[in-house]
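Have a look at structure.json below; it lists JSON, C-alpha atoms.
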```json
[["chain", "number", "residue", "atom", "x", "y", "z"],
["J", 79, "MET", "CA", -13.17, 41.94, 18.10],
["J", 80, "GLU", "CA", -9.44, 41.13, 18.39],
["J", 81, "THR", "CA", -7.70, 38.91, 15.84],
["J", 82, "GLY", "CA", -6.27, 36.70, 18.57],
["J", 83, "SER", "CA", -9.59, 36.17, 20.35],
["J", 84, "PRO", "CA", -10.76, 32.60, 21.04],
["J", 85, "GLU", "CA", -13.68, 33.02, 18.66],
["J", 86, "ASN", "CA", -11.37, 33.58, 15.68],
["J", 87, "THR", "CA", -8.95, 30.76, 16.52],
["J", 88, "GLY", "CA", -11.84, 28.32, 16.97],
["J", 89, "THR", "CA", -13.09, 29.00, 13.45],
["J", 90, "ALA", "CA", -9.71, 28.26, 11.88],
["J", 91, "GLY", "CA", -9.53, 24.99, 13.79],
["J", 92, "ASP", "CA", -13.00, 24.00, 12.56],
["J", 93, "GLU", "CA", -12.02, 24.69, 8.93],
["J", 94, "ARG", "CA", -8.92, 22.50, 9.30],
["J", 95, "ALA", "CA", -11.00, 19.65, 10.75],
["J", 96, "VAL", "CA", -13.41, 19.79, 7.81],
["J", 97, "THR", "CA", -10.61, 19.67, 5.17],
["J", 98, "GLU", "CA", -8.88, 16.62, 6.70],
["J", 99, "PRO", "CA", -9.15, 13.78, 4.13],
["J", 100, "GLU", "CA", -10.92, 10.55, 4.98],
["J", 101, "TRP", "CA", -8.23, 7.87, 4.72],
["J", 102, "THR", "CA", -8.95, 4.30, 3.61],
["J", 103, "GLY", "CA", -6.58, 1.49, 4.57],
["J", 104, "LEU", "CA", -5.86, -1.67, 2.62],
["J", 105, "PRO", "CA", -7.92, -4.81, 3.19],
["J", 106, "PRO", "CA", -6.45, -7.62, 5.36],
["J", 107, "GLY", "CA", -6.28, -10.02, 2.40],
["J", 108, "LEU", "CA", -3.05, -8.33, 1.24],
["J", 109, "LEU", "CA", -1.49, -8.87, 4.67],
["J", 110, "ARG", "CA", -2.46, -12.57, 4.63],
["J", 111, "MET", "CA", -1.08, -13.04, 1.12],
["J", 112, "ARG", "CA", 2.26, -11.39, 1.88],
["J", 113, "ARG", "CA", 2.71, -13.27, 5.14],
["J", 114, "LEU", "CA", 1.87, -16.59, 3.49],
["J", 115, "LEU", "CA", 4.43, -15.94, 0.75],
["J", 116, "LEU", "CA", 7.01, -15.08, 3.42],
["J", 117, "VAL", "CA", 6.36, -18.31, 5.33],
["J", 118, "VAL", "CA", 6.41, -20.46, 2.19],
["J", 119, "TRP", "CA", 9.64, -19.06, 0.72],
["J", 120, "LEU", "CA", 11.62, -18.77, 3.95],
["J", 121, "GLY", "CA", 10.22, -22.09, 5.23],
["J", 122, "LEU", "CA", 11.43, -23.83, 2.06],
["J", 123, "LEU", "CA", 14.80, -22.09, 2.41],
["J", 124, "ALA", "CA", 15.13, -23.23, 6.04],
["J", 125, "ILE", "CA", 14.28, -26.85, 5.17],
["J", 126, "GLY", "CA", 16.62, -26.88, 2.17],
["J", 127, "LEU", "CA", 19.44, -25.30, 4.16],
["J", 128, "ALA", "CA", 18.98, -27.76, 7.04],
["J", 129, "LEU", "CA", 19.06, -30.74, 4.66],
["J", 130, "LEU", "CA", 22.04, -29.42, 2.74],
["J", 131, "LEU", "CA", 24.11, -28.49, 5.78],
["J", 132, "GLY", "CA", 23.09, -31.62, 7.68],
["J", 133, "THR", "CA", 24.12, -33.84, 4.77],
["J", 134, "LEU", "CA", 27.31, -32.08, 3.69],
["J", 135, "ALA", "CA", 28.72, -30.57, 6.88],
["J", 136, "GLY", "CA", 27.20, -32.64, 9.67],
["J", 137, "PRO", "CA", 24.24, -32.30, 12.00],
["J", 138, "GLY", "CA", 25.80, -29.49, 14.04],
["J", 139, "TRP", "CA", 25.80, -27.16, 11.04],
["J", 140, "ALA", "CA", 22.09, -27.72, 10.44],
["J", 141, "ALA", "CA", 21.42, -25.22, 13.24],
["J", 142, "PHE", "CA", 22.25, -22.47, 10.73],
["J", 143, "ALA", "CA", 18.89, -23.27, 9.15],
["J", 144, "LEU", "CA", 17.40, -21.33, 12.06],
["J", 145, "LEU", "CA", 18.60, -18.09, 10.45],
["J", 146, "PRO", "CA", 15.81, -18.08, 7.82],
["J", 147, "LEU", "CA", 13.33, -18.80, 10.62],
["J", 148, "ALA", "CA", 14.59, -15.77, 12.56],
["J", 149, "LEU", "CA", 14.34, -13.74, 9.36],
["J", 150, "MET", "CA", 10.78, -15.02, 8.97],
["J", 151, "ALA", "CA", 9.82, -13.75, 12.46],
["J", 152, "TRP", "CA", 11.33, -10.34, 11.73],
["J", 153, "GLY", "CA", 9.67, -10.22, 8.29],
["J", 154, "TRP", "CA", 6.28, -11.14, 9.81],
["J", 155, "VAL", "CA", 6.40, -8.01, 11.99],
["J", 156, "MET", "CA", 7.75, -5.77, 9.21],
["J", 157, "ILE", "CA", 5.10, -6.87, 6.72],
["J", 158, "GLY", "CA", 2.41, -5.98, 9.28],
["J", 159, "ARG", "CA", 3.90, -2.55, 9.88],
["J", 160, "ASN", "CA", 4.20, -1.90, 6.15],
["J", 161, "TRP", "CA", 0.61, -3.02, 5.51],
["J", 162, "ARG", "CA", -0.70, -0.67, 8.21],
["J", 163, "SER", "CA", 1.22, 2.26, 6.70],
["J", 164, "TRP", "CA", -0.57, 2.09, 3.32],
["J", 165, "ARG", "CA", -3.67, 4.26, 2.92],
["J", 166, "TYR", "CA", -5.38, 6.42, 0.33],
["J", 167, "ALA", "CA", -7.87, 9.28, 0.30],
["J", 168, "GLU", "CA", -10.06, 10.70, -2.44],
["J", 169, "ARG", "CA", -10.33, 14.47, -2.26],
["J", 170, "ALA", "CA", -12.19, 16.96, -4.45],
["J", 171, "ASP", "CA", -9.28, 17.63, -6.83],
["J", 172, "ASP", "CA", -6.76, 14.85, -6.23],
["J", 173, "LEU", "CA", -6.00, 11.40, -4.85],
["J", 174, "LEU", "CA", -3.61, 11.02, -1.91],
["J", 175, "ILE", "CA", -1.58, 7.85, -1.38],
["J", 176, "SER", "CA", 0.46, 7.50, 1.80],
["J", 177, "ARG", "CA", 2.86, 4.69, 2.67],
["J", 178, "GLY", "CA", 6.08, 3.86, 4.45],
["J", 179, "VAL", "CA", 7.26, 3.07, 7.95],
["J", 180, "LEU", "CA", 10.76, 4.53, 8.24],
["J", 181, "TRP", "CA", 10.51, 6.82, 5.22],
["J", 182, "ARG", "CA", 6.97, 8.14, 4.89],
["J", 183, "GLU", "CA", 5.95, 8.92, 1.34],
["J", 184, "GLU", "CA", 2.80, 10.77, 0.39],
["J", 185, "THR", "CA", 1.89, 11.00, -3.27],
["J", 186, "VAL", "CA", -0.65, 13.53, -4.53],
["J", 187, "VAL", "CA", -2.08, 12.74, -7.96],
["J", 188, "PRO", "CA", -4.31, 15.50, -9.39],
["J", 189, "TYR", "CA", -7.30, 14.07, -11.26],
["J", 190, "GLY", "CA", -6.65, 16.31, -14.26],
["J", 191, "ARG", "CA", -3.13, 14.86, -14.69],
["J", 192, "MET", "CA", -4.23, 11.22, -14.87],
["J", 193, "GLN", "CA", -3.82, 9.69, -18.32],
["J", 194, "LEU", "CA", -4.54, 6.03, -17.60],
["J", 195, "VAL", "CA", -5.96, 4.08, -14.66],
["J", 196, "GLU", "CA", -5.38, 0.32, -14.73],
["J", 197, "VAL", "CA", -6.65, -2.53, -12.57],
["J", 198, "THR", "CA", -4.16, -5.41, -12.51],
["J", 199, "SER", "CA", -4.24, -8.76, -10.78],
["J", 200, "GLY", "CA", -1.56, -11.46, -11.05],
["J", 201, "PRO", "CA", -2.22, -15.17, -10.43],
["J", 202, "VAL", "CA", -1.37, -15.02, -6.72],
["J", 203, "GLU", "CA", -3.46, -11.88, -6.23],
["J", 204, "ARG", "CA", -6.40, -13.48, -8.06],
["J", 205, "HIS", "CA", -6.14, -16.54, -5.82],
["J", 206, "PHE", "CA", -6.48, -14.29, -2.78],
["J", 207, "GLY", "CA", -9.22, -12.16, -4.38],
["J", 208, "LEU", "CA", -7.08, -9.02, -4.70],
["J", 209, "ALA", "CA", -6.36, -6.43, -7.38],
["J", 210, "SER", "CA", -4.15, -3.35, -7.69],
["J", 211, "VAL", "CA", -4.98, 0.06, -9.13],
["J", 212, "GLN", "CA", -2.16, 1.71, -11.05],
["J", 213, "LEU", "CA", -2.33, 5.38, -12.02],
["J", 214, "HIS", "CA", -0.31, 6.73, -14.95],
["J", 215, "THR", "CA", 0.35, 10.43, -15.45],
["J", 216, "ALA", "CA", 2.39, 12.41, -17.97],
["J", 217, "ALA", "CA", 5.30, 12.50, -15.52],
["J", 218, "ALA", "CA", 6.65, 9.01, -14.84],
["J", 219, "ALA", "CA", 7.74, 10.05, -11.34],
["J", 220, "THR", "CA", 4.14, 10.59, -10.26],
["J", 221, "ASP", "CA", 2.81, 7.20, -11.34],
["J", 222, "ALA", "CA", 1.24, 5.57, -8.29],
["J", 223, "THR", "CA", -0.13, 2.19, -7.29],
["J", 224, "ILE", "CA", -2.61, 1.10, -4.63],
["J", 225, "PRO", "CA", -2.02, -2.64, -4.05],
["J", 226, "GLY", "CA", -4.20, -5.35, -2.56],
["J", 227, "LEU", "CA", -7.70, -3.95, -3.02],
["J", 228, "ASP", "CA", -10.86, -6.01, -3.33],
["J", 229, "PRO", "CA", -11.58, -6.33, -7.10],
["J", 230, "ALA", "CA", -14.94, -4.55, -6.75],
["J", 231, "GLU", "CA", -13.31, -1.62, -4.90],
["J", 232, "ALA", "CA", -10.48, -1.51, -7.47],
["J", 233, "GLU", "CA", -12.99, -1.30, -10.33],
["J", 234, "ARG", "CA", -15.07, 1.33, -8.50],
["J", 235, "LEU", "CA", -11.94, 3.39, -7.85],
["J", 236, "ARG", "CA", -10.79, 3.00, -11.48],
["J", 237, "ASP", "CA", -14.17, 4.15, -12.81],
["J", 238, "ARG", "CA", -14.37, 7.08, -10.39],
["J", 239, "LEU", "CA", -10.80, 8.23, -11.07],
["J", 240, "THR", "CA", -11.32, 7.93, -14.83],
["J", 241, "GLU", "CA", -14.55, 9.95, -14.62],
["J", 242, "LEU", "CA", -12.94, 12.65, -12.47],
["J", 243, "GLY", "CA", -9.84, 12.71, -14.66],
["J", 244, "GLU", "CA", -11.90, 13.25, -17.81],
["J", 245, "ALA", "CA", -13.94, 16.00, -16.14],
["J", 246, "ARG", "CA", -10.84, 17.82, -14.84],
["J", 247, "SER", "CA", -8.80, 17.50, -18.05],
["J", 248, "ALA", "CA", -11.68, 18.74, -20.26],
["J", 249, "GLY", "CA", -10.87, 22.31, -19.21],
["J", 250, "LEU", "CA", -7.20, 22.04, -20.25]]
```
Encoded form using structure tokens:
Amino acid sequence: METGSPENTGTAGDERAVTEPEWTGLPPGLLRMRRLLLVVWLGLLAIGLALLLGTLAGPGWAAFALLPLALMAWGWVMIGRNWRSWRYAERADDLLISRGVLWREETVVPYGRMQLVEVTSGPVERHFGLASVQLHTAAAATDATIPGLDPAEAERLRDRLTELGEARSAGL
């Protein structure tokens, strides 16, 4: 049989399909939280700017308060694109984290290199029912975070990563 025959090339393609990681995206609660914060902060800025300019410079200048509203519309779209770019995948030996719209960044964290896995949740995140998983390794450059997870998923991921990290580092 020739090395370039269709039978041989089909096998290599099947192996590649099997090794493709199963990616998990972030829940929509993170998108809602970030968009709400955008609307609140830029909405307050627009109102404050309109009042300030309308009082001090005259009603014609109050139109400049539309700039934060335009920024809000642009930010709404950008936050959605950024949210869709975040994903993670658990593989046999490592965790993959991918993010970024213009500059794609993919972080590979080997389980054996993990020293600490934390679940954190600030007051705003707790209000929206979200938590983040932060991974610490010996090299500070490879620390990674997965934001905006459901607390149950964050705890499951923390426990699984801790278990795998202990199993992989036991041989070192």
Which neighbours of segment 211-218 of chain J fall inside 10 Å, counting all atoms listed in the file, when residues of the same chain fewer than 4 positions from it are skipped, and could you give them as JSON, numbers by chain? {"J": [187, 188, 189, 190, 191, 192, 193, 194, 195, 196, 197, 198, 199, 222, 223, 224, 225, 226, 227, 229, 231, 232, 233, 235, 236, 239, 240]}
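For the atom pair formed by atom CA of Leu120 of chain J and atom CA of Val202 of chain J, the distance is 17.2 Å, given to one decimal.
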One decimal, Å: what's the distance from atom CA of Pro105 of chain J over to atom CA of Ile157 of chain J, could you say? 13.6 Å
Judged by only C-alpha atoms, the minimum distance to Met111 of chain J among J:Ala170, J:Val186, J:Ala245, J:Leu208 is found for J:Leu208
